[in-house]
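Raw input-v6.txt, compact mmCIF, C-alpha atoms:
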```txt
# COMPACT_ATOMS: atom_id res chain seq x y z
CA MET A 1 -24.81 41.28 -22.05
CA ILE A 2 -21.24 40.02 -21.95
CA ARG A 3 -19.56 40.64 -18.64
CA ASN A 4 -16.17 42.17 -18.88
CA PRO A 5 -14.55 41.60 -15.51
CA SER A 6 -11.68 43.78 -14.50
CA ALA A 7 -8.18 42.32 -14.34
CA PRO A 8 -8.12 41.95 -10.51
CA GLN A 9 -11.45 40.09 -10.70
CA GLN A 10 -10.00 37.73 -13.31
CA ASP A 11 -6.95 37.12 -11.14
CA ARG A 12 -9.14 36.34 -8.14
CA SER A 13 -11.24 33.96 -10.22
CA ARG A 14 -8.14 32.19 -11.50
CA ALA A 15 -6.71 31.89 -7.98
CA THR A 16 -10.01 30.46 -6.71
CA ARG A 17 -10.09 27.93 -9.53
CA GLU A 18 -6.50 26.89 -8.80
CA ARG A 19 -7.27 26.48 -5.09
CA LEU A 20 -10.23 24.25 -5.90
CA LEU A 21 -8.15 22.09 -8.26
CA LYS A 22 -5.38 21.64 -5.68
CA SER A 23 -7.89 20.78 -2.95
CA ALA A 24 -9.66 18.28 -5.20
CA LEU A 25 -6.42 16.50 -5.98
CA ALA A 26 -5.26 16.41 -2.36
CA SER A 27 -8.64 15.15 -1.18
CA LEU A 28 -8.79 12.37 -3.79
CA ALA A 29 -5.27 11.26 -2.89
CA GLU A 30 -5.90 11.33 0.87
CA VAL A 31 -9.48 10.15 1.42
CA GLY A 32 -10.45 8.71 -1.97
CA TRP A 33 -13.25 9.04 -4.48
CA THR A 34 -16.20 8.13 -2.25
CA GLN A 35 -15.32 10.64 0.46
CA THR A 36 -14.52 13.44 -2.00
CA THR A 37 -17.46 15.52 -3.23
CA VAL A 38 -17.81 19.04 -4.65
CA ALA A 39 -19.01 20.13 -1.19
CA THR A 40 -16.04 18.66 0.74
CA VAL A 41 -13.59 20.13 -1.78
CA ALA A 42 -15.24 23.58 -1.53
CA GLU A 43 -14.98 23.42 2.26
CA ARG A 44 -11.36 22.26 2.15
CA ALA A 45 -10.47 25.09 -0.25
CA GLY A 46 -12.41 27.69 1.75
CA VAL A 47 -14.53 28.58 -1.29
CA SER A 48 -18.31 29.06 -1.20
CA ARG A 49 -20.57 26.40 -2.73
CA GLY A 50 -21.87 28.99 -5.22
CA ALA A 51 -18.45 30.03 -6.46
CA THR A 52 -17.40 26.38 -6.67
CA GLN A 53 -20.41 25.42 -8.75
CA HIS A 54 -19.78 28.40 -11.01
CA HIS A 55 -16.34 27.00 -11.84
CA PHE A 56 -17.24 23.31 -11.79
CA PRO A 57 -20.91 22.40 -12.27
CA THR A 58 -20.35 18.66 -11.67
CA ARG A 59 -18.05 16.35 -9.73
CA GLU A 60 -16.63 15.00 -13.00
CA ASP A 61 -15.85 18.55 -14.21
CA LEU A 62 -13.92 19.25 -11.02
CA PHE A 63 -11.98 15.98 -10.82
CA GLY A 64 -11.25 15.88 -14.56
CA ALA A 65 -9.94 19.45 -14.50
CA ALA A 66 -7.88 18.76 -11.37
CA ILE A 67 -6.05 15.82 -12.91
CA GLU A 68 -5.59 17.53 -16.28
CA HIS A 69 -4.26 20.69 -14.61
CA MET A 70 -1.76 18.79 -12.46
CA ALA A 71 -0.65 16.46 -15.26
CA GLU A 72 0.02 19.47 -17.50
CA ALA A 73 1.96 21.18 -14.70
CA ARG A 74 4.01 18.00 -14.17
CA LEU A 75 4.73 17.66 -17.90
CA ARG A 76 5.83 21.33 -18.02
CA GLU A 77 8.20 20.69 -15.09
CA ILE A 78 9.66 17.70 -16.95
CA ARG A 79 10.22 19.75 -20.10
CA PHE A 80 11.88 22.42 -17.97
CA ALA A 81 14.16 19.85 -16.27
CA LEU A 82 15.14 18.67 -19.74
CA GLU A 83 16.90 21.96 -20.44
CA SER A 84 19.37 21.53 -17.62
CA MET A 85 19.92 17.82 -18.15
CA PRO A 86 23.47 16.61 -18.75
CA GLU A 87 24.29 14.68 -21.91
CA GLY A 88 25.89 11.26 -21.63
CA PRO A 89 24.89 7.84 -20.30
CA GLU A 90 23.34 9.26 -17.10
CA ARG A 91 20.80 11.18 -19.15
CA ILE A 92 18.54 8.17 -19.71
CA ARG A 93 18.55 7.19 -16.03
CA HIS A 94 17.57 10.78 -15.06
CA THR A 95 14.88 10.76 -17.70
CA LEU A 96 13.40 7.55 -16.30
CA ASP A 97 13.11 9.15 -12.85
CA LEU A 98 11.31 12.13 -14.35
CA LEU A 99 8.91 9.97 -16.36
CA VAL A 100 8.15 7.62 -13.48
CA GLY A 101 7.42 10.79 -11.48
CA LEU A 102 4.26 11.05 -13.62
CA TYR A 103 3.03 7.86 -11.94
CA THR A 104 3.94 8.47 -8.33
CA GLY A 105 2.94 10.92 -5.60
CA PRO A 106 -0.39 12.67 -5.07
CA LEU A 107 -1.10 13.12 -8.81
CA PHE A 108 -1.03 9.37 -9.43
CA ALA A 109 -2.84 8.57 -6.17
CA ALA A 110 -5.65 10.96 -7.18
CA ALA A 111 -5.79 9.72 -10.78
CA LEU A 112 -5.99 6.12 -9.54
CA GLN A 113 -9.09 7.02 -7.51
CA VAL A 114 -10.73 8.53 -10.59
CA TRP A 115 -9.75 5.67 -12.94
CA THR A 116 -11.05 3.09 -10.48
CA ALA A 117 -14.34 4.93 -10.10
CA ALA A 118 -14.53 5.28 -13.91
CA ALA A 119 -13.99 1.52 -14.30
CA VAL A 120 -17.44 0.85 -12.80
CA ASP A 121 -19.29 4.06 -13.81
CA GLU A 122 -20.01 4.79 -17.46
CA GLY A 123 -20.72 8.49 -16.85
CA VAL A 124 -17.36 9.07 -15.20
CA ARG A 125 -15.66 6.94 -17.86
CA ALA A 126 -17.10 9.00 -20.75
CA HIS A 127 -15.80 12.14 -19.10
CA ILE A 128 -12.33 10.80 -18.26
CA ILE A 129 -11.37 8.89 -21.42
CA PRO A 130 -10.73 11.88 -23.75
CA LEU A 131 -8.72 13.63 -21.04
CA GLU A 132 -6.74 10.45 -20.32
CA GLN A 133 -5.94 10.01 -24.01
CA SER A 134 -4.72 13.57 -24.38
CA VAL A 135 -2.47 13.28 -21.29
CA SER A 136 -1.10 9.95 -22.61
CA ARG A 137 -0.28 11.42 -26.02
CA GLU A 138 1.50 14.35 -24.39
CA ALA A 139 3.43 12.01 -22.05
CA PHE A 140 4.57 10.03 -25.08
CA ARG A 141 5.73 13.21 -26.86
CA VAL A 142 7.67 14.36 -23.80
CA ALA A 143 9.23 10.91 -23.31
CA ALA A 144 10.31 10.69 -26.96
CA GLU A 145 11.85 14.15 -26.69
CA LEU A 146 13.66 13.38 -23.43
CA LEU A 147 15.03 10.12 -24.75
CA GLN A 148 15.98 11.87 -28.01
CA ILE A 149 14.71 9.01 -30.11
CA ASP A 150 14.33 8.84 -33.86
CA ARG A 151 10.54 8.81 -34.32
CA ASP A 152 10.92 6.86 -37.57
CA SER A 153 12.16 3.83 -35.64
CA GLU A 154 9.24 1.52 -34.88
CA ARG A 155 11.42 -0.28 -32.35
CA LEU A 156 12.16 2.93 -30.43
CA ARG A 157 8.56 4.15 -30.51
CA ALA A 158 7.36 0.85 -29.05
CA ILE A 159 10.11 0.89 -26.42
CA VAL A 160 9.23 4.44 -25.35
CA ALA A 161 5.57 3.43 -25.03
CA ALA A 162 6.64 0.36 -23.02
CA THR A 163 8.71 2.60 -20.75
CA LEU A 164 5.63 4.66 -19.90
CA ASP A 165 3.60 1.50 -19.22
CA LEU A 166 6.43 0.23 -17.03
CA GLY A 167 6.25 3.56 -15.17
CA ARG A 168 2.50 3.16 -14.70
CA GLY A 169 3.01 -0.37 -13.38
CA LEU A 170 5.71 0.80 -10.96
CA GLY A 171 3.36 3.55 -9.80
CA LEU A 172 0.63 1.04 -9.06
CA ALA A 173 3.09 -1.27 -7.29
CA GLY A 174 4.08 1.64 -5.05
CA ILE A 175 0.58 2.62 -4.02
CA LEU A 176 0.38 0.34 -0.95
CA THR A 177 3.97 0.14 0.28
CA ASP A 178 7.20 2.08 -0.10
CA ASP A 179 8.59 0.51 -3.26
CA THR A 180 11.46 2.98 -3.87
CA VAL A 181 14.37 0.53 -3.45
CA ARG A 182 12.91 -2.11 -5.79
CA ARG A 183 11.86 0.63 -8.22
CA ALA A 184 15.41 2.08 -8.40
CA TRP A 185 16.80 -1.42 -8.99
CA ILE A 186 14.41 -1.97 -11.92
CA LEU A 187 15.01 1.49 -13.39
CA ASP A 188 18.80 1.03 -13.17
CA ALA A 189 18.49 -2.19 -15.14
CA TRP A 190 16.04 -0.72 -17.66
CA ALA A 191 18.23 2.37 -18.18
CA GLU A 192 21.10 0.09 -19.22
CA GLU A 193 18.92 -1.75 -21.72
CA LEU A 194 17.54 1.54 -23.05
CA ASN A 195 21.03 3.02 -23.47
CA ARG A 196 22.03 -0.03 -25.47
CA ILE A 197 18.85 -0.09 -27.58
CA VAL A 198 19.08 3.63 -28.40
CA ALA A 199 22.79 3.31 -29.31
CA GLU A 200 22.09 0.26 -31.51
CA GLU A 201 19.37 2.09 -33.41
CA ARG A 202 21.58 5.15 -33.88
CA SER A 203 24.44 3.12 -35.32
CA ARG A 204 21.98 1.23 -37.57
CA VAL A 205 20.76 4.48 -39.14
CA HIS A 206 24.07 6.32 -39.53
CA MET B 207 -16.16 -30.05 21.56
CA ILE B 208 -14.53 -30.27 18.14
CA ARG B 209 -17.04 -30.73 15.37
CA ASN B 210 -16.17 -33.44 12.94
CA PRO B 211 -18.27 -32.78 9.86
CA SER B 212 -18.91 -35.60 7.43
CA ALA B 213 -17.30 -35.55 4.00
CA PRO B 214 -20.46 -34.41 2.15
CA GLN B 215 -20.81 -31.55 4.66
CA GLN B 216 -17.21 -30.54 4.00
CA ASP B 217 -17.83 -30.62 0.26
CA ARG B 218 -20.92 -28.46 0.63
CA SER B 219 -19.01 -26.03 2.80
CA ARG B 220 -16.20 -25.83 0.27
CA ALA B 221 -18.65 -25.28 -2.59
CA THR B 222 -20.36 -22.50 -0.63
CA ARG B 223 -17.04 -20.84 0.06
CA GLU B 224 -16.07 -21.04 -3.61
CA ARG B 225 -19.42 -19.54 -4.67
CA LEU B 226 -18.91 -16.62 -2.27
CA LEU B 227 -15.38 -15.98 -3.55
CA LYS B 228 -16.51 -15.98 -7.19
CA SER B 229 -19.43 -13.66 -6.42
CA ALA B 230 -17.17 -11.27 -4.48
CA LEU B 231 -14.75 -11.04 -7.38
CA ALA B 232 -17.47 -10.53 -9.99
CA SER B 233 -19.18 -7.90 -7.87
CA LEU B 234 -15.97 -5.93 -7.24
CA ALA B 235 -15.15 -6.00 -10.97
CA GLU B 236 -18.65 -4.97 -12.04
CA VAL B 237 -19.92 -2.47 -9.47
CA GLY B 238 -16.80 -1.62 -7.47
CA TRP B 239 -15.69 -1.48 -3.86
CA THR B 240 -18.30 0.92 -2.49
CA GLN B 241 -21.27 -1.03 -3.86
CA THR B 242 -19.87 -4.42 -2.82
CA THR B 243 -20.54 -5.52 0.75
CA VAL B 244 -20.69 -8.89 2.49
CA ALA B 245 -24.49 -8.63 2.28
CA THR B 246 -24.63 -7.94 -1.48
CA VAL B 247 -22.15 -10.75 -2.15
CA ALA B 248 -24.16 -13.18 -0.02
CA GLU B 249 -27.30 -12.28 -1.93
CA ARG B 250 -25.57 -12.57 -5.31
CA ALA B 251 -24.19 -16.00 -4.35
CA GLY B 252 -27.54 -17.16 -2.93
CA VAL B 253 -25.94 -17.91 0.45
CA SER B 254 -27.48 -16.93 3.81
CA ARG B 255 -25.97 -14.06 5.80
CA GLY B 256 -25.20 -16.48 8.64
CA ALA B 257 -23.33 -18.98 6.47
CA THR B 258 -21.45 -16.11 4.78
CA GLN B 259 -20.32 -14.65 8.09
CA HIS B 260 -19.23 -18.09 9.25
CA HIS B 261 -16.83 -18.27 6.28
CA PHE B 262 -15.85 -14.60 6.18
CA PRO B 263 -16.35 -12.55 9.36
CA THR B 264 -15.33 -9.24 7.71
CA ARG B 265 -15.41 -7.55 4.33
CA GLU B 266 -11.58 -7.61 4.21
CA ASP B 267 -11.54 -11.37 4.89
CA LEU B 268 -13.91 -11.96 2.00
CA PHE B 269 -12.24 -9.68 -0.55
CA GLY B 270 -8.71 -10.71 0.41
CA ALA B 271 -9.61 -14.39 0.11
CA ALA B 272 -11.38 -13.79 -3.22
CA ILE B 273 -8.36 -12.15 -4.82
CA GLU B 274 -5.90 -14.66 -3.35
CA HIS B 275 -8.02 -17.60 -4.49
CA MET B 276 -8.35 -16.29 -8.06
CA ALA B 277 -4.70 -15.22 -8.32
CA GLU B 278 -3.61 -18.71 -7.23
CA ALA B 279 -5.98 -20.29 -9.75
CA ARG B 280 -4.60 -18.04 -12.50
CA LEU B 281 -1.00 -18.87 -11.56
CA ARG B 282 -1.86 -22.60 -11.61
CA GLU B 283 -3.34 -22.19 -15.10
CA ILE B 284 -0.16 -20.46 -16.24
CA ARG B 285 2.04 -23.25 -14.86
CA PHE B 286 -0.21 -25.76 -16.63
CA ALA B 287 0.03 -23.86 -19.94
CA LEU B 288 3.80 -23.96 -19.53
CA GLU B 289 3.82 -27.73 -19.99
CA SER B 290 2.37 -27.55 -23.49
CA MET B 291 4.37 -24.54 -24.58
CA PRO B 292 6.55 -24.88 -27.68
CA GLU B 293 10.26 -24.15 -27.47
CA GLY B 294 11.80 -21.54 -29.75
CA PRO B 295 11.56 -17.79 -30.24
CA GLU B 296 7.74 -17.80 -30.00
CA ARG B 297 7.95 -19.09 -26.44
CA ILE B 298 8.74 -15.71 -24.92
CA ARG B 299 5.91 -13.96 -26.79
CA HIS B 300 3.43 -16.62 -25.58
CA THR B 301 4.79 -16.27 -22.07
CA LEU B 302 4.21 -12.51 -22.12
CA ASP B 303 0.56 -13.04 -23.04
CA LEU B 304 0.16 -15.44 -20.13
CA LEU B 305 1.85 -13.11 -17.66
CA VAL B 306 -0.07 -10.03 -18.80
CA GLY B 307 -3.20 -12.15 -18.32
CA LEU B 308 -2.51 -11.77 -14.59
CA TYR B 309 -3.23 -8.05 -14.98
CA THR B 310 -6.28 -8.09 -17.22
CA GLY B 311 -9.87 -9.29 -16.96
CA PRO B 312 -12.11 -9.55 -13.90
CA LEU B 313 -9.26 -10.58 -11.54
CA PHE B 314 -7.35 -7.36 -12.21
CA ALA B 315 -10.50 -5.21 -12.25
CA ALA B 316 -11.45 -6.59 -8.82
CA ALA B 317 -7.92 -6.26 -7.41
CA LEU B 318 -7.77 -2.65 -8.61
CA GLN B 319 -10.91 -1.86 -6.62
CA VAL B 320 -9.35 -3.35 -3.49
CA TRP B 321 -5.94 -1.67 -3.97
CA THR B 322 -7.59 1.69 -4.53
CA ALA B 323 -9.70 1.32 -1.40
CA ALA B 324 -6.59 0.18 0.51
CA ALA B 325 -4.70 3.29 -0.67
CA VAL B 326 -6.93 5.48 1.49
CA ASP B 327 -7.85 3.03 4.30
CA GLU B 328 -5.20 1.78 6.70
CA GLY B 329 -7.30 -1.13 7.93
CA VAL B 330 -7.79 -2.50 4.41
CA ARG B 331 -4.14 -1.82 3.62
CA ALA B 332 -2.86 -3.81 6.60
CA HIS B 333 -4.99 -6.75 5.49
CA ILE B 334 -4.05 -6.60 1.81
CA ILE B 335 -0.28 -5.96 1.89
CA PRO B 336 0.87 -9.44 3.06
CA LEU B 337 -1.42 -11.10 0.53
CA GLU B 338 -0.23 -8.79 -2.23
CA GLN B 339 3.41 -9.54 -1.41
CA SER B 340 2.86 -13.28 -1.47
CA VAL B 341 1.06 -13.10 -4.86
CA SER B 342 3.86 -10.90 -6.25
CA ARG B 343 6.57 -13.32 -5.12
CA GLU B 344 4.71 -16.23 -6.69
CA ALA B 345 4.19 -14.27 -9.93
CA PHE B 346 7.93 -13.61 -10.06
CA ARG B 347 8.73 -17.31 -9.54
CA VAL B 348 6.31 -18.34 -12.29
CA ALA B 349 7.65 -15.66 -14.66
CA ALA B 350 11.27 -16.72 -14.04
CA GLU B 351 10.31 -20.34 -14.68
CA LEU B 352 8.37 -19.54 -17.86
CA LEU B 353 11.17 -17.39 -19.24
CA GLN B 354 13.69 -20.09 -18.23
CA ILE B 355 16.13 -17.53 -16.87
CA ASP B 356 19.29 -18.09 -14.93
CA ARG B 357 18.42 -16.82 -11.44
CA ASP B 358 22.06 -15.95 -10.81
CA SER B 359 21.93 -13.22 -13.43
CA GLU B 360 21.08 -9.89 -11.78
CA ARG B 361 20.29 -8.48 -15.23
CA LEU B 362 17.74 -11.20 -15.95
CA ARG B 363 16.10 -11.00 -12.51
CA ALA B 364 15.62 -7.25 -12.93
CA ILE B 365 14.22 -7.68 -16.45
CA VAL B 366 11.74 -10.32 -15.29
CA ALA B 367 10.61 -7.99 -12.51
CA ALA B 368 10.32 -5.14 -15.04
CA THR B 369 8.23 -7.41 -17.28
CA LEU B 370 5.71 -7.94 -14.48
CA ASP B 371 5.58 -4.20 -13.77
CA LEU B 372 5.07 -3.59 -17.48
CA GLY B 373 2.18 -6.09 -17.35
CA ARG B 374 0.66 -4.24 -14.40
CA GLY B 375 0.97 -0.93 -16.25
CA LEU B 376 -0.63 -2.39 -19.37
CA GLY B 377 -3.44 -3.76 -17.21
CA LEU B 378 -4.11 -0.32 -15.76
CA ALA B 379 -3.97 1.27 -19.22
CA GLY B 380 -6.62 -1.18 -20.39
CA ILE B 381 -9.06 -0.58 -17.57
CA LEU B 382 -10.96 2.27 -19.28
CA THR B 383 -10.71 1.47 -22.98
CA ASP B 384 -9.99 -1.54 -25.17
CA ASP B 385 -6.20 -1.38 -25.36
CA THR B 386 -5.58 -4.79 -27.00
CA VAL B 387 -4.05 -3.53 -30.28
CA ARG B 388 -1.58 -1.17 -28.60
CA ARG B 389 -0.82 -3.82 -25.96
CA ALA B 390 0.06 -6.45 -28.62
CA TRP B 391 2.31 -3.91 -30.37
CA ILE B 392 4.21 -3.23 -27.13
CA LEU B 393 4.45 -6.91 -26.17
CA ASP B 394 5.80 -7.80 -29.64
CA ALA B 395 8.56 -5.23 -29.18
CA TRP B 396 9.24 -6.29 -25.58
CA ALA B 397 9.43 -9.97 -26.61
CA GLU B 398 12.13 -9.14 -29.17
CA GLU B 399 14.22 -7.31 -26.59
CA LEU B 400 13.71 -10.12 -24.07
CA ASN B 401 14.73 -12.77 -26.60
CA ARG B 402 17.92 -10.85 -27.31
CA ILE B 403 18.70 -10.19 -23.64
CA VAL B 404 18.12 -13.84 -22.64
CA ALA B 405 20.29 -15.07 -25.55
CA GLU B 406 23.08 -12.60 -24.68
CA GLU B 407 23.11 -13.72 -21.06
CA ARG B 408 23.17 -17.38 -22.09
CA SER B 409 26.13 -16.92 -24.40
CA ARG B 410 27.91 -14.88 -21.73
CA VAL B 411 27.68 -17.75 -19.24
CA HIS B 412 28.53 -20.65 -21.54
```

What is this file in structure tokens?
Amino acid sequence: MIRNPSAPQQDRSRATRERLLKSALASLAEVGWTQTTVATVAERAGVSRGATQHHFPTREDLFGAAIEHMAEARLREIRFALESMPEGPERIRHTLDLLVGLYTGPLFAAALQVWTAAAVDEGVRAHIIPLEQSVSREAFRVAAELLQIDRDSERLRAIVAATLDLGRGLGLAGILTDDTVRRAWILDAWAEELNRIVAEERSRVH
Amino acid sequence: MIRNPSAPQQDRSRATRERLLKSALASLAEVGWTQTTVATVAERAGVSRGATQHHFPTREDLFGAAIEHMAEARLREIRFALESMPEGPERIRHTLDLLVGLYTGPLFAAALQVWTAAAVDEGVRAHIIPLEQSVSREAFRVAAELLQIDRDSERLRAIVAATLDLGRGLGLAGILTDDTVRRAWILDAWAEELNRIVAEERSRVH
């Protein structure tokens, strides 16, 4: 028999799921992989063990879904910010802040815990790799769109990919200390290079 | 009373220390922070608990020393490679491979375990930050030397710093899957931009 829950039931279920995902992310970022289990997340979210296991049978299901959910939300925010972004030379510098935002804050801190656990655990790795690849592809699409690059230019595609790797490196550099001043200095410099590279490629084509 | 050990004793002590540092690094890279303790490293190295604790009273002492020791060895290797490096446009591409080598392999895998533990543990963080800062400064010096940049150029200093952050980001991207093809593609593109930027700055000065 297929259950056909009523709309309020579905809403409650969705809200519970969301609460679990948020709690999982916050717990990973604050106390790390080892101290974060399905049980501690359920307790933190105020959700019963049974309901939690209904949504997320394993630890990997929960953590994978938490990171995917938050990365998608972050990418949606970036796309939304794009609509109100001014044209002109400042656009690239703003874009860099948005993209580097993918690699800072609680989302990155939580993802780092999962990646590091996955580095030494094949089971976690198998679960995380497809998700990681899909988030990376989407980040590249968003970055290319924000930077308004011609996708036919090999040079620009490589430079956009490099920009995301630079962002990831800056994120890792900022995990232990407040790196915001150095980060802004590097992004200012990189924005100038990017502006020049993008302009050069545009004039080459037209 | 100050002990005055004979030279052979000193050599043995140094060899024991080195064996412990190598075992700590290999263990962190292979099984991760949680599974790596002073006791497991001592066993792996075939060194008694007593002798291990004489060299490294705490877990943080051991892991910090292991990463510092290996980072210094890697930086020495890079400086050595510098001496036999050809001049010309290929120099920068070679240099990038050497620098990115700081963020790949067992050294990076081990450091990532320690950073990630430090992110959620203030005690570890306090121990690791000064060491991390000293390795970063030295990496910047070596990079500036390899790339033969004019240190008075703000643009070049920022681009060298960005290059190291790019390397860190590429290292993190390669922790879960074999990323060598994509990495080479990005470094080829980055080398071309760097060559152009360095040449522009040189012609600006002279």

For region 33-42 of chain A: contacts at 10 Å, all atoms listed in the file, fewer than 4 positions along chain excluded, given as a ChimeraX atom specification | /A:19-29,46-53,56-63,110-117 /B:239-240,322-323,326

With distances taken over all atoms listed in the file, the candidate from A:Leu75, A:Ala118, A:Asn195, A:Gly64 nearest Arg141 (chain A) is A:Leu75

Which of A:Arg125, A:Trp190, A:Arg155, A:Arg137 sits closest to Thr383 (chain B) [using only C-alpha atoms] |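 Smallest distance to Thr383 (chain B) is found for A:Arg125.
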
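The two atoms in question, CA of Arg388 (chain B) and CA of Phe140 (chain A), are spaced 13.3 Å apart.
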
Provide as an MDAnalysis selection string the residues of chain B at most 9 Å from chain A, counting all atoms listed in the file.
-> chainID B and resid 234:238 240 315 318:319 321:327 331 334:335 360:361 364:365 367:379 381:383 391:396 399 403

Counting all atoms listed in the file, which residues come within 6 Å of (4.3, -18.5, -17.9), with the point read in the file's coordinates, and could you list them as a CSV table (one decimal) with C-alpha atoms, in the frame of the given file?
```
chain,number,residue,atom,x,y,z
B,284,ILE,CA,-0.2,-20.5,-16.2
B,288,LEU,CA,3.8,-24.0,-19.5
B,301,THR,CA,4.8,-16.3,-22.1
B,304,LEU,CA,0.2,-15.4,-20.1
B,305,LEU,CA,1.8,-13.1,-17.7
B,348,VAL,CA,6.3,-18.3,-12.3
B,349,ALA,CA,7.6,-15.7,-14.7
B,352,LEU,CA,8.4,-19.5,-17.9
```

Point (-11.8, -22.4, 2.6) neighbourhood (9 Å, all atoms listed in the file) written as a list in words =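 Selection result: Ser219, Arg220, Arg223, Glu224, His261 and Ala271 of chain B.
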
Residue selection dump (C-alpha atoms) as an mmCIF file, in the coordinates of the input:
```cif
data_model
loop_
_atom_site.group_PDB
_atom_site.id
_atom_site.type_symbol
_atom_site.label_atom_id
_atom_site.label_comp_id
_atom_site.auth_asym_id
_atom_site.auth_seq_id
_atom_site.Cartn_x
_atom_site.Cartn_y
_atom_site.Cartn_z
ATOM 1 C CA SER B 219 -19.010 -26.030 2.800
ATOM 2 C CA ARG B 220 -16.200 -25.830 0.270
ATOM 3 C CA ARG B 223 -17.040 -20.840 0.060
ATOM 4 C CA GLU B 224 -16.070 -21.040 -3.610
ATOM 5 C CA HIS B 261 -16.830 -18.270 6.280
ATOM 6 C CA ALA B 271 -9.610 -14.390 0.110
#
```

Using the atoms already present, construct all heavy atoms for region 375-380 of chain B and hand them back as a JSON list (two decimals), in the frame of the given file.
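Below is the file out_17.json, written as the result:
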```json
[["chain", "number", "residue", "atom", "x", "y", "z"],
["B", 375, "GLY", "N", 1.26, -2.21, -15.60],
["B", 375, "GLY", "CA", 0.97, -0.93, -16.25],
["B", 375, "GLY", "C", 0.04, -1.09, -17.44],
["B", 375, "GLY", "O", -0.86, -0.27, -17.64],
["B", 376, "LEU", "N", 0.26, -2.14, -18.23],
["B", 376, "LEU", "CA", -0.63, -2.39, -19.37],
["B", 376, "LEU", "C", -2.04, -2.72, -18.88],
["B", 376, "LEU", "O", -3.03, -2.32, -19.49],
["B", 376, "LEU", "CB", -0.09, -3.54, -20.22],
["B", 376, "LEU", "CG", 1.16, -3.23, -21.04],
["B", 376, "LEU", "CD1", 1.74, -4.51, -21.63],
["B", 376, "LEU", "CD2", 0.85, -2.23, -22.16],
["B", 377, "GLY", "N", -2.12, -3.44, -17.78],
["B", 377, "GLY", "CA", -3.44, -3.76, -17.21],
["B", 377, "GLY", "C", -4.19, -2.50, -16.83],
["B", 377, "GLY", "O", -5.37, -2.32, -17.15],
["B", 378, "LEU", "N", -3.49, -1.58, -16.18],
["B", 378, "LEU", "CA", -4.11, -0.32, -15.76],
["B", 378, "LEU", "C", -4.50, 0.52, -16.98],
["B", 378, "LEU", "O", -5.57, 1.14, -17.01],
["B", 378, "LEU", "CB", -3.15, 0.44, -14.84],
["B", 378, "LEU", "CG", -3.69, 1.68, -14.12],
["B", 378, "LEU", "CD1", -4.97, 1.37, -13.37],
["B", 378, "LEU", "CD2", -2.64, 2.23, -13.16],
["B", 379, "ALA", "N", -3.65, 0.51, -18.00],
["B", 379, "ALA", "CA", -3.97, 1.27, -19.22],
["B", 379, "ALA", "C", -5.22, 0.73, -19.91],
["B", 379, "ALA", "O", -5.93, 1.47, -20.59],
["B", 379, "ALA", "CB", -2.78, 1.24, -20.18],
["B", 380, "GLY", "N", -5.48, -0.57, -19.72],
["B", 380, "GLY", "CA", -6.62, -1.18, -20.39],
["B", 380, "GLY", "C", -7.90, -1.18, -19.58],
["B", 380, "GLY", "O", -8.90, -1.77, -19.99]]
```
